[in-house]
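To keep things clear, I will list the structure first and then write my remarks on it.
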Amino acid sequence: MNDTLIDIKDLRVEFDVRAGIIKAVDGVSFDIKRGQTMGVIGESGCGKSMTARAILQMIPKPGKITHGEVLYYRKVKSDGETETVDVVNITKQHPDGDLIRQIRGGEIGMIFQEPMSSLTPVYTAGTHINEALYLHWLTPLKKVGDQMAETVQAHRKITKQEAREISIDMLRRVGIPKPEQRVDSYPHQLSGGQRQRVMIAIALSCQPGMLIADEPTTALDVSIEAQILDIMRDLQKNVNMAIMFITHNLGVIAEMAEEITVMYMGKQVERAKTVNMFYDPKHPYTRALLKSIPHVGKKTRERLAVIEGMVPDPFNLPIGCVFHPRCPSFMPGKCDKIVPTWKLLKDDHWVSCLLYEEV
Amino acid sequence: MAKKNQSILPEKGQKKPVSQSYWSLVWWKFKKNKMAIVGGIILIIFYVCMVGIAEFIAPYDLEHASNFTDASPQAIHFIDKQGKFHFQPLTYGLVKKIDEVKRVRTFVEDPNSQQYPISLFVKGDPYKLFGLIPMSLHLFGIKSTDPQATIFIMGTDSLGRDYFSRIIYGGRLSLLIGLIGQFLTIILGSVLGAVSGYYGGATDMIVQRSTEFLAAFPDIPLFMALAAAIPSYFSPIAVYFMLTVILAFVRWGGLARQVRGLILSLREREYALAAKSSGASDYRVMFRHLLPGTMSHIIVIATLSIPGMILAETALSWLGLGLRPPLTSWGVLLQEAATIRSIRYSPWLLWTVPFIIVTVLAFNMLGDGLRDAMDPYSGR
Amino acid sequence: MLSYIIRRIGYAIIMVVLVSFVGFLILKLPSLVPGGGDFLTQKLASLRARGDRSAEQQIETYRVRFGLDKPFLVQYIGWAGNFIKGDFGLSFEYEKPVKDLIGERLTMTIVLAVATLIVTWVIAIPLGVYSAVRQYSFGDQVITTISFIGLGMPGFLLALLILFVAIVYLNMEVIGLFSQKYIDAPWSFGKFVDLMKHLWVPALISAVTGTGGLIRIMRGNLLDTLGQPFVEAARARGLKNWQVIWKHAVRIAINPLIVILGSEAFPNIITGSALVSIVLNLPTIGPLFVDSLRKLDMYMAGTCIIFFTILLLVGNLLADLMLAWVDPRIRLE
């Protein structure tokens, strides 16, 4: 059985601003399987957040999905017990439509970077979770009689009491002490780490099949970060949830992801299993990223390795390979003329670089 | 470090880097706001024409009375009664009209009278430009000594004085009082606000309580009470001066509070601490370092408060608590205009109102544009 | 919470006392300044002008009757003491107790102010929200332009213009709150209809002038709030668009407006409507106050100032209480 959950096909997202058009995402394709953790790494502005938002049809104005598809393989229980897989083309959904809103939060959850400003200041932790539960949680009633061949699965909305119990339970599972009290706390009464736990609790309370984590630990200090990552891994194991983990931190992604996609200036440049990525990086950008990590044991006199040059002006992108002005393996005549294609090398290792193409 | 594969410097033909200093960014953003530019231009025109060269713009002297009392506005015709087109516009003379029923006497246009062509740059009532240069040239008028040759484009009042001229002269006082009053408020408000915010403690307490106390007073009643307290024997000029002071005195509280808030937030910023640690005196830190940082806010607040001052003076004078004749401001003009009788029978006296409204609007547009521009890093 | 309220009320009382003292002082100023005068000076002049021989004696009688022969502080304390008991002094002009004269008008003032407040808010909030959510749309442009014009528009000037249109073009009676025949009539449906026919003018004026500023502030606040991460987070949980906007964004964006409600909107309504009332000759405190100032009718003017101040402080307090109720961040401090 095909266990693909999300399939992104040649996605392009553009922003039409007064000064021109910004190609935030320019031809990205990858898939995420059920239960898998896919890491997406890249510098700020490389398009990883926009890719994530495209999955939930949440691109903010003035952005638009201009090309490509995002396919969501949705498990539904049709007539009773049998499970089938519905393929939903997310990109074709209306952003405020019923289907997409069911998926958002109910089947695909998302947590954000700034835990403080991601919670509405006037609502308690419990209120946030309750809101999500009321929207997505339908408690199945017992079968309504035994009429004909059709068994009607009736659903009723969750009750206040049930919602509160689930909220407290979720808070407990993300490791918040005294959850019965904390459930009535306001965001400003919680620490940064606690708020992020609350966010995870909210996202996971509806038992989604996938969690999109957009730099969830960037704003937290290292010790808290470690705890949050632990919680995420534990919860994932319990419910077989896929995670799309976005970050710019190589150390974190090495810990969390099974597969990594590297993005640069809206394009994907490399994709491989984590182990292969770290031991045999193919793309010069990936190599430079890995080299720039300081190593313990290195001679103290040596300078830190940096990637030369600067991120190019989005309105004035270089011709050919977008990375060529900064590339240590630059091949004049080729890299500044030809755009590399996304190529499968071996062993589920993909790369987009002219070094691996016959030109 | 310079890269090896591409030069960082702009190539030939590419745009050269634009100046990115704060004030040039502000100006650039301000220019994009059409409404603000319009507001600014209107204000410049008003201030130049009414405060500066009012005598030149107005066809008649402020107190030039005539027999044509309560005359309705004379229309400017390009096509005369025979249907002939004239390049030079003309007016018709005035004739008395008496309404027996309403017992009203006015003057209206007499279509049977002679035509009087309007010219530019005409000799009229003598005056002293800027109080110094004797002149008698006016922007427009009628070149004739015929007493019927009148050009009251906004009619006349009950003493036969040209209303348009009176509005122009009135504008001088109204516009000036707003400017001067606001200037005083800025000085009082920013100094006290800065001192209060910077020193904190007892000074802060005193200033805070004062502003709160002032704020507890509803401002219009306060104006009125203070204005009523000006002794009637004060000369009109003294009254004008006192009014300005009163306006400034009542309003400094708002500005002081804002400045205080700004200073409080800036006080702990690194550059203030750096200045202090390098030995600058409190006075120097406050006035050379902190206050300039608040300058943009102050300018915006001030610009947006000027209309309030102008309106306050207008209201006071209209109620008889402010300026008194012979000093004429828009508020004084409204006294005559705002009675039921006037509205019914001499409605042209209400021409003052659009002028006031346009002034207020222009200031708001300008202030709004300034406020958007002063924060050049904000999105739009 | 309760201690906060008590503290604020106590503070307000102190303010009122201070204001009454300073107000009294200001009103006394003309008579203390050499060459100046007070009510009696004016009255003396007018009596003399009429050729009244016994002018001086009458003035002396008045002086004793009004207590103006006593030193300043005694006058003040006497008046203030009576004030607390509910006796607001005597009006020089009308020679009736101030209490009677104000009583009828005070109700009207409050009614008008509250009605204005409600109308303004019911209009301004939805328009402001619409303007922000559909930024740059045609509707937004229209709303922004209108609110801009209304923003700086002084109420009393607008009243003049409306009078002009009504009198010259529509030939309507818009002065006062009631037509001639209903003024002293007991309440009836006809009287109510008549009231409505007159009330539309002040209501229209307040709608134009009051909503302008509020709309712009609501729009600005909401635009800022919509850019905050928690709005996006709410959307990511699957809420409908209008739920995201009203339950989360507006809920936060409206807090500063509540503060403004108390500190600016309400006072403006009271003082602004004072001027409008003068133009339209409405039976509120405004016209009475101005008149008393012109005549230097001390106790009357002083009482008016105090009432204005009390209304203001009450408005402030209510706004602060509402803010604390609505925003838990403030409440728990």
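Residues are referred to by chain and number: the chain letter is A, B, ... according to the order shown in the structure tokens, the number counts from 1 in that chain, and ligands are numbered separately from 1 in the order shown.
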
So that I can check the secondary structure, give me every residue of region 150-279 of chain B assigned helix (DSSP H, G or I) by backbone DSSP, as a PDB file with C-alpha atoms, in the first residue's frame.
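Contents of the output file part-v2.pdb:
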ATOM      1  CA  TYR B 163     -16.707  89.370   3.082  1.00  0.00           C
ATOM      2  CA  PHE B 164     -14.050  87.639   1.004  1.00  0.00           C
ATOM      3  CA  SER B 165     -11.503  90.200   2.146  1.00  0.00           C
ATOM      4  CA  ARG B 166     -12.583  89.744   5.731  1.00  0.00           C
ATOM      5  CA  ILE B 167     -12.180  85.986   5.450  1.00  0.00           C
ATOM      6  CA  ILE B 168      -8.668  86.452   4.135  1.00  0.00           C
ATOM      7  CA  TYR B 169      -7.748  88.811   6.936  1.00  0.00           C
ATOM      8  CA  GLY B 170      -9.522  86.632   9.437  1.00  0.00           C
ATOM      9  CA  GLY B 171      -7.455  83.713   8.276  1.00  0.00           C
ATOM     10  CA  ARG B 172      -4.329  85.584   9.215  1.00  0.00           C
ATOM     11  CA  LEU B 173      -5.245  85.654  12.882  1.00  0.00           C
ATOM     12  CA  SER B 174      -6.761  82.199  13.037  1.00  0.00           C
ATOM     13  CA  LEU B 175      -3.875  80.499  11.278  1.00  0.00           C
ATOM     14  CA  LEU B 176      -1.290  82.368  13.276  1.00  0.00           C
ATOM     15  CA  ILE B 177      -2.807  81.640  16.616  1.00  0.00           C
ATOM     16  CA  GLY B 178      -2.776  77.956  15.826  1.00  0.00           C
ATOM     17  CA  LEU B 179       0.868  78.033  14.868  1.00  0.00           C
ATOM     18  CA  ILE B 180       2.133  80.166  17.707  1.00  0.00           C
ATOM     19  CA  GLY B 181       0.024  78.429  20.297  1.00  0.00           C
ATOM     20  CA  GLN B 182       1.247  75.057  19.145  1.00  0.00           C
ATOM     21  CA  PHE B 183       4.815  76.257  19.181  1.00  0.00           C
ATOM     22  CA  LEU B 184       4.474  77.293  22.805  1.00  0.00           C
ATOM     23  CA  THR B 185       2.851  73.987  23.601  1.00  0.00           C
ATOM     24  CA  ILE B 186       5.708  72.101  22.025  1.00  0.00           C
ATOM     25  CA  ILE B 187       8.269  73.924  24.087  1.00  0.00           C
ATOM     26  CA  LEU B 188       6.364  73.606  27.319  1.00  0.00           C
ATOM     27  CA  GLY B 189       5.289  70.046  26.693  1.00  0.00           C
ATOM     28  CA  SER B 190       8.551  68.587  25.480  1.00  0.00           C
ATOM     29  CA  VAL B 191      10.719  70.185  28.109  1.00  0.00           C
ATOM     30  CA  LEU B 192       8.453  69.195  30.963  1.00  0.00           C
ATOM     31  CA  GLY B 193       7.810  65.786  29.491  1.00  0.00           C
ATOM     32  CA  ALA B 194      11.496  65.147  28.984  1.00  0.00           C
ATOM     33  CA  VAL B 195      12.453  66.268  32.441  1.00  0.00           C
ATOM     34  CA  SER B 196       9.666  64.277  33.994  1.00  0.00           C
ATOM     35  CA  GLY B 197      10.482  61.148  32.057  1.00  0.00           C
ATOM     36  CA  TYR B 198      14.182  61.357  32.518  1.00  0.00           C
ATOM     37  CA  TYR B 199      14.459  62.135  36.180  1.00  0.00           C
ATOM     38  CA  GLY B 201      10.938  60.465  41.131  1.00  0.00           C
ATOM     39  CA  ALA B 202       9.509  63.645  42.633  1.00  0.00           C
ATOM     40  CA  THR B 203       9.774  65.733  39.480  1.00  0.00           C
ATOM     41  CA  ASP B 204       7.908  63.094  37.601  1.00  0.00           C
ATOM     42  CA  MET B 205       5.237  62.908  40.270  1.00  0.00           C
ATOM     43  CA  ILE B 206       4.621  66.624  40.170  1.00  0.00           C
ATOM     44  CA  VAL B 207       4.452  66.837  36.418  1.00  0.00           C
ATOM     45  CA  GLN B 208       2.316  63.715  36.211  1.00  0.00           C
ATOM     46  CA  ARG B 209      -0.190  64.959  38.740  1.00  0.00           C
ATOM     47  CA  SER B 210      -0.378  68.301  36.989  1.00  0.00           C
ATOM     48  CA  THR B 211      -1.125  66.740  33.650  1.00  0.00           C
ATOM     49  CA  GLU B 212      -3.667  64.433  35.208  1.00  0.00           C
ATOM     50  CA  PHE B 213      -5.288  67.362  36.910  1.00  0.00           C
ATOM     51  CA  LEU B 214      -5.440  69.271  33.677  1.00  0.00           C
ATOM     52  CA  ALA B 215      -6.825  66.214  31.979  1.00  0.00           C
ATOM     53  CA  ALA B 216      -9.578  65.961  34.552  1.00  0.00           C
ATOM     54  CA  ASP B 219     -10.950  71.166  27.999  1.00  0.00           C
ATOM     55  CA  ILE B 220     -13.550  73.274  26.302  1.00  0.00           C
ATOM     56  CA  PRO B 221     -15.084  74.407  29.550  1.00  0.00           C
ATOM     57  CA  LEU B 222     -11.611  75.126  30.806  1.00  0.00           C
ATOM     58  CA  PHE B 223     -10.790  77.252  27.790  1.00  0.00           C
ATOM     59  CA  MET B 224     -14.001  79.069  28.200  1.00  0.00           C
ATOM     60  CA  ALA B 225     -13.540  79.696  31.871  1.00  0.00           C
ATOM     61  CA  LEU B 226     -10.015  80.967  31.402  1.00  0.00           C
ATOM     62  CA  ALA B 227     -11.008  83.078  28.448  1.00  0.00           C
ATOM     63  CA  ALA B 228     -13.881  84.552  30.375  1.00  0.00           C
ATOM     64  CA  PRO B 236      -7.335  93.366  21.790  1.00  0.00           C
ATOM     65  CA  ILE B 237      -3.710  92.545  21.175  1.00  0.00           C
ATOM     66  CA  ALA B 238      -3.231  91.623  24.781  1.00  0.00           C
ATOM     67  CA  VAL B 239      -6.332  89.478  24.590  1.00  0.00           C
ATOM     68  CA  TYR B 240      -4.887  87.715  21.572  1.00  0.00           C
ATOM     69  CA  PHE B 241      -1.687  87.097  23.425  1.00  0.00           C
ATOM     70  CA  MET B 242      -3.485  85.835  26.501  1.00  0.00           C
ATOM     71  CA  LEU B 243      -5.593  83.502  24.393  1.00  0.00           C
ATOM     72  CA  THR B 244      -2.537  81.986  22.820  1.00  0.00           C
ATOM     73  CA  VAL B 245      -1.021  81.420  26.216  1.00  0.00           C
ATOM     74  CA  ILE B 246      -4.229  79.897  27.531  1.00  0.00           C
ATOM     75  CA  LEU B 247      -4.470  77.530  24.592  1.00  0.00           C
ATOM     76  CA  ALA B 248      -0.903  76.444  25.076  1.00  0.00           C
ATOM     77  CA  PHE B 249      -1.352  76.101  28.797  1.00  0.00           C
ATOM     78  CA  VAL B 250      -4.337  73.827  28.578  1.00  0.00           C
ATOM     79  CA  ARG B 251      -2.867  71.570  25.961  1.00  0.00           C
ATOM     80  CA  TRP B 252       0.683  70.996  27.004  1.00  0.00           C
ATOM     81  CA  GLY B 253      -0.375  68.101  29.166  1.00  0.00           C
ATOM     82  CA  GLY B 254      -1.113  65.776  26.294  1.00  0.00           C
ATOM     83  CA  LEU B 255       2.181  66.413  24.598  1.00  0.00           C
ATOM     84  CA  ALA B 256       4.096  66.159  27.842  1.00  0.00           C
ATOM     85  CA  ARG B 257       2.627  62.776  28.553  1.00  0.00           C
ATOM     86  CA  GLN B 258       3.586  61.475  25.141  1.00  0.00           C
ATOM     87  CA  VAL B 259       7.092  62.824  25.374  1.00  0.00           C
ATOM     88  CA  ARG B 260       7.452  61.370  28.828  1.00  0.00           C
ATOM     89  CA  GLY B 261       6.450  57.958  27.546  1.00  0.00           C
ATOM     90  CA  LEU B 262       8.926  58.187  24.715  1.00  0.00           C
ATOM     91  CA  ILE B 263      11.720  59.350  26.966  1.00  0.00           C
ATOM     92  CA  LEU B 264      10.996  56.538  29.398  1.00  0.00           C
ATOM     93  CA  SER B 265      11.445  53.985  26.684  1.00  0.00           C
ATOM     94  CA  LEU B 266      14.474  55.636  25.184  1.00  0.00           C
ATOM     95  CA  ARG B 267      16.176  56.351  28.449  1.00  0.00           C
ATOM     96  CA  GLU B 270      22.063  51.714  24.827  1.00  0.00           C
ATOM     97  CA  TYR B 271      22.909  54.985  23.183  1.00  0.00           C
ATOM     98  CA  ALA B 272      21.631  56.969  26.122  1.00  0.00           C
ATOM     99  CA  LEU B 273      23.570  54.857  28.581  1.00  0.00           C
ATOM    100  CA  ALA B 274      26.625  55.138  26.393  1.00  0.00           C
ATOM    101  CA  ALA B 275      26.374  58.901  26.326  1.00  0.00           C
ATOM    102  CA  LYS B 276      25.959  59.012  30.056  1.00  0.00           C
ATOM    103  CA  SER B 277      28.850  56.720  30.747  1.00  0.00           C
TER     104      SER B 277
END

- Message: So that I can check the surroundings of Ile6 (chain A), please list as an NGL selection string every protein, DNA and RNA residue that reaches within 8 Å of it, counting only C-alpha atoms and ignoring chain neighbours fewer than 4 positions away.
- Response: :A and (31-33 or 70-73)

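Residues from chain A found within 8 Å of chain C are A:Leu56, A:Met58, A:Asp96, A:Ile100, A:Arg101, A:Gln102, A:Ile103, A:Arg104, A:Gly105, A:Gly106, A:Gly109, A:Met110, A:Ile111, A:Phe112, A:Glu114, A:Ser117, A:Ser118, A:Leu119, A:Thr120, A:Pro121, A:Val122, A:Ala132, A:Leu135, A:Tyr186, A:His188, A:Ala203, counting only C-alpha atoms.
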
Dump as an mmCIF file, in the first residue's frame, selection limited to N, CA and C atoms:
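Saved as again12.cif:
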data_model
loop_
_atom_site.group_PDB
_atom_site.id
_atom_site.type_symbol
_atom_site.label_atom_id
_atom_site.label_comp_id
_atom_site.auth_asym_id
_atom_site.auth_seq_id
_atom_site.Cartn_x
_atom_site.Cartn_y
_atom_site.Cartn_z
ATOM 1 N N LEU A 56 -1.160 23.788 3.889
ATOM 2 C CA LEU A 56 -2.422 24.054 4.569
ATOM 3 C C LEU A 56 -3.239 25.118 3.845
ATOM 4 N N MET A 58 -2.479 28.189 3.219
ATOM 5 C CA MET A 58 -2.477 29.365 4.091
ATOM 6 C C MET A 58 -1.455 30.387 3.641
ATOM 7 N N ASP A 96 -10.957 29.177 2.535
ATOM 8 C CA ASP A 96 -11.858 29.222 3.677
ATOM 9 C C ASP A 96 -12.914 28.120 3.589
ATOM 10 N N ILE A 100 -10.898 22.174 3.646
ATOM 11 C CA ILE A 100 -9.550 22.553 4.062
ATOM 12 C C ILE A 100 -9.526 22.888 5.552
ATOM 13 N N ARG A 101 -10.633 23.425 6.045
ATOM 14 C CA ARG A 101 -10.630 23.784 7.460
ATOM 15 C C ARG A 101 -10.749 22.556 8.338
ATOM 16 N N GLN A 102 -11.355 21.534 7.787
ATOM 17 C CA GLN A 102 -11.377 20.282 8.545
ATOM 18 C C GLN A 102 -9.971 19.712 8.652
ATOM 19 N N ILE A 103 -9.260 19.808 7.523
ATOM 20 C CA ILE A 103 -7.907 19.265 7.492
ATOM 21 C C ILE A 103 -6.988 20.063 8.402
ATOM 22 N N ARG A 104 -7.115 21.382 8.296
ATOM 23 C CA ARG A 104 -6.286 22.242 9.134
ATOM 24 C C ARG A 104 -6.589 22.015 10.589
ATOM 25 N N GLY A 105 -5.642 21.626 11.321
ATOM 26 C CA GLY A 105 -5.868 21.457 12.751
ATOM 27 C C GLY A 105 -6.427 20.091 13.105
ATOM 28 N N GLY A 106 -7.284 19.560 12.253
ATOM 29 C CA GLY A 106 -7.909 18.287 12.566
ATOM 30 C C GLY A 106 -7.099 17.112 12.040
ATOM 31 N N GLY A 109 -1.662 19.322 11.684
ATOM 32 C CA GLY A 109 -1.489 20.396 12.651
ATOM 33 C C GLY A 109 -0.228 21.187 12.356
ATOM 34 N N MET A 110 -0.170 22.404 12.946
ATOM 35 C CA MET A 110 1.024 23.216 12.706
ATOM 36 C C MET A 110 1.411 23.952 13.964
ATOM 37 N N ILE A 111 2.687 23.971 14.282
ATOM 38 C CA ILE A 111 3.167 24.798 15.384
ATOM 39 C C ILE A 111 4.199 25.769 14.858
ATOM 40 N N PHE A 112 4.292 26.881 15.531
ATOM 41 C CA PHE A 112 5.026 28.020 14.993
ATOM 42 C C PHE A 112 6.238 28.372 15.832
ATOM 43 N N GLU A 114 7.254 31.470 17.273
ATOM 44 C CA GLU A 114 7.240 32.322 18.458
ATOM 45 C C GLU A 114 6.136 31.882 19.406
ATOM 46 N N SER A 117 3.858 34.844 20.926
ATOM 47 C CA SER A 117 2.869 35.530 20.107
ATOM 48 C C SER A 117 2.026 34.587 19.280
ATOM 49 N N SER A 118 2.192 33.283 19.470
ATOM 50 C CA SER A 118 1.339 32.364 18.735
ATOM 51 C C SER A 118 0.113 31.951 19.525
ATOM 52 N N LEU A 119 0.042 32.398 20.769
ATOM 53 C CA LEU A 119 -1.149 32.123 21.559
ATOM 54 C C LEU A 119 -1.892 33.429 21.770
ATOM 55 N N THR A 120 -3.212 33.393 21.619
ATOM 56 C CA THR A 120 -3.992 34.614 21.789
ATOM 57 C C THR A 120 -3.945 35.050 23.252
ATOM 58 N N PRO A 121 -3.458 36.257 23.516
ATOM 59 C CA PRO A 121 -3.166 36.656 24.896
ATOM 60 C C PRO A 121 -4.356 36.616 25.856
ATOM 61 N N VAL A 122 -5.568 36.698 25.340
ATOM 62 C CA VAL A 122 -6.694 36.787 26.273
ATOM 63 C C VAL A 122 -7.393 35.457 26.503
ATOM 64 N N ALA A 132 -9.936 24.015 19.517
ATOM 65 C CA ALA A 132 -9.554 23.027 18.516
ATOM 66 C C ALA A 132 -10.420 21.787 18.623
ATOM 67 N N LEU A 135 -13.885 22.144 17.235
ATOM 68 C CA LEU A 135 -13.903 22.183 15.781
ATOM 69 C C LEU A 135 -13.758 20.795 15.171
ATOM 70 N N TYR A 186 -3.138 31.947 31.564
ATOM 71 C CA TYR A 186 -3.026 32.760 30.359
ATOM 72 C C TYR A 186 -1.593 32.703 29.842
ATOM 73 N N HIS A 188 0.649 34.800 29.226
ATOM 74 C CA HIS A 188 1.697 35.582 29.856
ATOM 75 C C HIS A 188 2.071 35.037 31.224
ATOM 76 N N ALA A 203 -1.926 21.286 19.069
ATOM 77 C CA ALA A 203 -1.828 20.659 17.750
ATOM 78 C C ALA A 203 -2.133 19.170 17.809
#

- Interface residues on chain A facing chain B, 9 Å, only C-alpha atoms, written as an NGL selection string: :A and (308-310 or 324-327 or 330 or 332)

- Task: Kindly determine which residues of chain C lie within 9 Å of chain B, considering only C-alpha atoms, and give the answer as a VMD selection string.
- Result: chain C and resid 12 15 to 16 18 to 19 23 26 to 31 33 to 37 148 to 149 151 to 154 156 to 158 160 to 161 163 to 164 167 to 168 263 267 to 268 270 to 272 274 to 275 279 289 to 290 293 to 294 296 301 304 to 306 308 to 310 312 to 313

- Near Ile57 (chain B), counting only C-alpha atoms, which residues have an atom at most 9 Å away, once you skip same-chain residues fewer than 2 positions from it, shown as a ChimeraX atom specification? /B:49-50,53-55,59-60,138-140,165,168

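The interatomic distance for the pair CA of Gly86 (chain C) and CA of Val98 (chain C) works out to 10.2 Å.
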
- Note on the structure: CA of Asp70 (chain B) to CA of Gly93 (chain B) measures 14.4 Å

- Counting only C-alpha atoms, figure out which residue out of A:Ser49, A:Thr4, A:Gln196, A:Thr37 gets nearest to Ala219 (chain A). A:Gln196

12 Å contact set for Gly131 (chain B), only C-alpha atoms, chain neighbours under 3 positions out, as a CSV table (one decimal) with C-alpha atoms, in the first residue's frame:
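Output below, filename part-v2.csv:
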chain,number,residue,atom,x,y,z
B,51,VAL,CA,-0.7,85.4,6.8
B,52,GLY,CA,1.9,86.8,4.5
B,53,ILE,CA,0.3,88.8,1.7
B,54,ALA,CA,-3.3,89.1,2.8
B,55,GLU,CA,-3.5,92.8,1.8
B,126,PRO,CA,-3.6,101.4,0.2
B,127,TYR,CA,-1.7,99.2,2.7
B,128,LYS,CA,1.8,98.4,3.9
B,134,PRO,CA,3.6,101.0,1.2
B,135,MET,CA,1.7,99.6,-1.8

Fewer than 4 positions away in the same chain doesn't count, so skip those; otherwise give me all residues within 12 Å of Gln57 (chain C), counting only C-alpha atoms, as an mmCIF file with N, CA and C atoms, in the first residue's frame.
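File selection_16.cif, as written:
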data_model
loop_
_atom_site.group_PDB
_atom_site.id
_atom_site.type_symbol
_atom_site.label_atom_id
_atom_site.label_comp_id
_atom_site.auth_asym_id
_atom_site.auth_seq_id
_atom_site.Cartn_x
_atom_site.Cartn_y
_atom_site.Cartn_z
ATOM 1 N N LEU C 40 -21.801 91.342 39.321
ATOM 2 C CA LEU C 40 -22.473 92.534 39.841
ATOM 3 C C LEU C 40 -22.009 93.791 39.120
ATOM 4 N N LEU C 44 -24.563 96.223 37.507
ATOM 5 C CA LEU C 44 -24.578 97.634 37.871
ATOM 6 C C LEU C 44 -24.592 98.500 36.633
ATOM 7 N N LEU C 47 -27.950 98.333 34.973
ATOM 8 C CA LEU C 47 -28.981 99.049 35.721
ATOM 9 C C LEU C 47 -28.835 100.555 35.520
ATOM 10 N N ARG C 48 -27.589 100.997 35.603
ATOM 11 C CA ARG C 48 -27.331 102.422 35.418
ATOM 12 C C ARG C 48 -27.757 102.850 34.032
ATOM 13 N N ASP C 52 -31.700 103.527 36.259
ATOM 14 C CA ASP C 52 -32.229 103.119 37.570
ATOM 15 C C ASP C 52 -31.479 103.855 38.682
ATOM 16 N N ARG C 53 -32.197 104.644 39.449
ATOM 17 C CA ARG C 53 -31.546 105.448 40.474
ATOM 18 C C ARG C 53 -31.041 104.626 41.631
ATOM 19 N N THR C 61 -27.717 94.917 47.954
ATOM 20 C CA THR C 61 -28.585 93.834 48.422
ATOM 21 C C THR C 61 -28.192 92.511 47.796
ATOM 22 N N TYR C 62 -27.974 92.612 46.505
ATOM 23 C CA TYR C 62 -27.570 91.387 45.816
ATOM 24 C C TYR C 62 -26.288 90.839 46.420
ATOM 25 N N ARG C 63 -25.366 91.766 46.670
ATOM 26 C CA ARG C 63 -24.058 91.339 47.125
ATOM 27 C C ARG C 63 -24.171 90.511 48.393
ATOM 28 N N VAL C 64 -24.988 91.003 49.298
ATOM 29 C CA VAL C 64 -25.153 90.242 50.544
ATOM 30 C C VAL C 64 -25.879 88.938 50.267
#
